[in-house]
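Data first, discussion second: the structure below is written as structure tokens.
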Amino acid sequence: ASGSRPQVTAVRFSPPRIALHPWGCFRLGRRMSGSRADFFFMAQIAEQAERWDDMREYMSRVANVGQPLEVFERNMLSLAFKESVNARRSALRELRNYVGAAPRVEQYQAKLQAELGEVCSSLIGLLPGLIDMADPSDVEAKGFYM
């Protein structure tokens, strides 16, 4: 019939999977398996979301894979731990204003101090393995971990 509309078929749009390249740029890629690349990718996502504890966990997994860390991976590991520690230190500084106001504040302060100790202990626990895996001729890596 004249004047009738043409039939429209629905097209399902599927966006390409985007993966962050280890050097921080985007690339189109296939889905990664549960591997070092997955952990690094998730660390980059956690960094963008400013989820420092998640980033720290993912970078710890990258470090525990059993391969020496590249420069950009060492920098990500450093950033994850630095920001995780800084968040707790900042909270502890803020709590100084309220110490003595209520027993709950001191309990909360003790909780933050314990978390800070756990974060530092986990990094100290990673270091011997990272130092051992580093290439002996890579002076920069050895210096980074010291």
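The chains in the structure tokens are called A, B, ... from first to last as shown; in each chain the residues are counted from 1, and the ligands are counted from 1 in the order shown.
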Practice task
Find the spatial neighbours of stretch 87-93 of chain A, counting only C-alpha atoms, within a cut-off of 8 Å - ignore same-chain residues fewer than 3 positions away - and output them as a PyMOL selection string.
Solution key: chain A and resi 83-84+96-97+109+112-113+115-116
For the selection just defined, write its residues with all heavy atoms to a file, as a PDB file, in the first residue's frame.
ATOM      1  N   GLU A  83      48.850   5.728  47.822  1.00  0.00           N
ATOM      2  CA  GLU A  83      47.520   6.323  48.004  1.00  0.00           C
ATOM      3  C   GLU A  83      46.727   5.617  49.095  1.00  0.00           C
ATOM      4  O   GLU A  83      45.972   6.244  49.841  1.00  0.00           O
ATOM      5  CB  GLU A  83      46.745   6.321  46.687  1.00  0.00           C
ATOM      6  CG  GLU A  83      47.318   7.249  45.636  1.00  0.00           C
ATOM      7  CD  GLU A  83      47.297   8.716  46.038  1.00  0.00           C
ATOM      8  OE1 GLU A  83      46.468   9.111  46.881  1.00  0.00           O
ATOM      9  OE2 GLU A  83      48.118   9.477  45.497  1.00  0.00           O
ATOM     10  N   SER A  84      46.904   4.315  49.210  1.00  0.00           N
ATOM     11  CA  SER A  84      46.212   3.560  50.255  1.00  0.00           C
ATOM     12  C   SER A  84      46.697   4.004  51.637  1.00  0.00           C
ATOM     13  O   SER A  84      45.902   4.202  52.553  1.00  0.00           O
ATOM     14  CB  SER A  84      46.459   2.062  50.040  1.00  0.00           C
ATOM     15  OG  SER A  84      45.662   1.293  50.884  1.00  0.00           O
ATOM     16  N   ARG A  96      42.669  13.368  65.040  1.00  0.00           N
ATOM     17  CA  ARG A  96      43.347  14.027  66.167  1.00  0.00           C
ATOM     18  C   ARG A  96      42.475  15.112  66.791  1.00  0.00           C
ATOM     19  O   ARG A  96      42.561  15.373  67.982  1.00  0.00           O
ATOM     20  CB  ARG A  96      44.659  14.655  65.705  1.00  0.00           C
ATOM     21  CG  ARG A  96      45.748  13.686  65.483  1.00  0.00           C
ATOM     22  CD  ARG A  96      47.041  14.432  65.188  1.00  0.00           C
ATOM     23  NE  ARG A  96      47.935  13.562  64.471  1.00  0.00           N
ATOM     24  CZ  ARG A  96      48.878  13.983  63.658  1.00  0.00           C
ATOM     25  NH1 ARG A  96      49.056  15.278  63.448  1.00  0.00           N
ATOM     26  NH2 ARG A  96      49.655  13.125  63.036  1.00  0.00           N
ATOM     27  N   ASN A  97      41.647  15.739  65.966  1.00  0.00           N
ATOM     28  CA  ASN A  97      40.778  16.811  66.450  1.00  0.00           C
ATOM     29  C   ASN A  97      39.681  16.295  67.377  1.00  0.00           C
ATOM     30  O   ASN A  97      39.067  17.083  68.090  1.00  0.00           O
ATOM     31  CB  ASN A  97      40.130  17.548  65.274  1.00  0.00           C
ATOM     32  CG  ASN A  97      41.152  18.185  64.369  1.00  0.00           C
ATOM     33  OD1 ASN A  97      42.204  18.620  64.824  1.00  0.00           O
ATOM     34  ND2 ASN A  97      40.854  18.242  63.090  1.00  0.00           N
ATOM     35  N   GLN A 109      40.187   5.167  65.738  1.00  0.00           N
ATOM     36  CA  GLN A 109      41.588   5.494  65.498  1.00  0.00           C
ATOM     37  C   GLN A 109      42.439   4.225  65.554  1.00  0.00           C
ATOM     38  O   GLN A 109      43.310   4.017  64.707  1.00  0.00           O
ATOM     39  CB  GLN A 109      42.070   6.513  66.524  1.00  0.00           C
ATOM     40  CG  GLN A 109      43.476   6.991  66.300  1.00  0.00           C
ATOM     41  CD  GLN A 109      43.904   8.022  67.327  1.00  0.00           C
ATOM     42  OE1 GLN A 109      43.367   8.075  68.445  1.00  0.00           O
ATOM     43  NE2 GLN A 109      44.865   8.853  66.960  1.00  0.00           N
ATOM     44  N   LEU A 112      41.959   2.276  62.334  1.00  0.00           N
ATOM     45  CA  LEU A 112      42.719   2.852  61.218  1.00  0.00           C
ATOM     46  C   LEU A 112      44.207   2.557  61.348  1.00  0.00           C
ATOM     47  O   LEU A 112      44.880   2.263  60.357  1.00  0.00           O
ATOM     48  CB  LEU A 112      42.488   4.356  61.131  1.00  0.00           C
ATOM     49  CG  LEU A 112      41.128   4.795  60.618  1.00  0.00           C
ATOM     50  CD1 LEU A 112      40.965   6.299  60.766  1.00  0.00           C
ATOM     51  CD2 LEU A 112      40.929   4.382  59.183  1.00  0.00           C
ATOM     52  N   GLN A 113      44.724   2.618  62.559  1.00  0.00           N
ATOM     53  CA  GLN A 113      46.136   2.310  62.774  1.00  0.00           C
ATOM     54  C   GLN A 113      46.436   0.852  62.443  1.00  0.00           C
ATOM     55  O   GLN A 113      47.471   0.538  61.847  1.00  0.00           O
ATOM     56  CB  GLN A 113      46.537   2.636  64.214  1.00  0.00           C
ATOM     57  CG  GLN A 113      46.597   4.112  64.489  1.00  0.00           C
ATOM     58  CD  GLN A 113      46.771   4.442  65.963  1.00  0.00           C
ATOM     59  OE1 GLN A 113      46.446   3.635  66.843  1.00  0.00           O
ATOM     60  NE2 GLN A 113      47.263   5.645  66.236  1.00  0.00           N
ATOM     61  N   GLU A 115      44.735  -0.979  60.253  1.00  0.00           N
ATOM     62  CA  GLU A 115      44.669  -1.073  58.785  1.00  0.00           C
ATOM     63  C   GLU A 115      45.963  -0.562  58.166  1.00  0.00           C
ATOM     64  O   GLU A 115      46.475  -1.152  57.217  1.00  0.00           O
ATOM     65  CB  GLU A 115      43.487  -0.271  58.251  1.00  0.00           C
ATOM     66  CG  GLU A 115      42.143  -0.888  58.505  1.00  0.00           C
ATOM     67  CD  GLU A 115      41.006  -0.015  57.992  1.00  0.00           C
ATOM     68  OE1 GLU A 115      41.261   1.013  57.315  1.00  0.00           O
ATOM     69  OE2 GLU A 115      39.852  -0.353  58.278  1.00  0.00           O
ATOM     70  N   LEU A 116      46.467   0.541  58.685  1.00  0.00           N
ATOM     71  CA  LEU A 116      47.710   1.115  58.174  1.00  0.00           C
ATOM     72  C   LEU A 116      48.864   0.123  58.350  1.00  0.00           C
ATOM     73  O   LEU A 116      49.667  -0.075  57.436  1.00  0.00           O
ATOM     74  CB  LEU A 116      48.013   2.429  58.895  1.00  0.00           C
ATOM     75  CG  LEU A 116      49.194   3.241  58.425  1.00  0.00           C
ATOM     76  CD1 LEU A 116      49.059   3.620  56.960  1.00  0.00           C
ATOM     77  CD2 LEU A 116      49.332   4.491  59.278  1.00  0.00           C
TER      78      LEU A 116
END
Handout entry: Polymer residues at most 8 Å from A:Met59, only C-alpha atoms, same-chain spacing of 6 or more positions, as a ChimeraX atom specification
Key = /A:39-40,43,73,76-77,80
Problem - Who sits within 6 Å of stretch 60-72 of chain A, only C-alpha atoms, same chain under 6 positions skipped, as a list in words - result: Arg36, Phe39, Met133 and Ala134 of chain A
Give me a file of those residues, with N, CA and C atoms, as a PDB file, in the first residue's frame.
ATOM      1  N   ARG A  36      47.838 -12.129  34.712  1.00  0.00           N
ATOM      2  CA  ARG A  36      48.562 -10.912  35.082  1.00  0.00           C
ATOM      3  C   ARG A  36      47.977  -9.707  34.341  1.00  0.00           C
ATOM      4  N   PHE A  39      44.756  -8.648  35.989  1.00  0.00           N
ATOM      5  CA  PHE A  39      44.986  -7.954  37.247  1.00  0.00           C
ATOM      6  C   PHE A  39      45.466  -6.530  36.997  1.00  0.00           C
ATOM      7  N   MET A 133      63.218 -11.450  42.115  1.00  0.00           N
ATOM      8  CA  MET A 133      62.840 -11.627  40.707  1.00  0.00           C
ATOM      9  C   MET A 133      63.493 -10.604  39.784  1.00  0.00           C
ATOM     10  N   ALA A 134      63.874  -9.458  40.342  1.00  0.00           N
ATOM     11  CA  ALA A 134      64.442  -8.389  39.508  1.00  0.00           C
ATOM     12  C   ALA A 134      65.734  -8.868  38.859  1.00  0.00           C
TER      13      ALA A 134
END
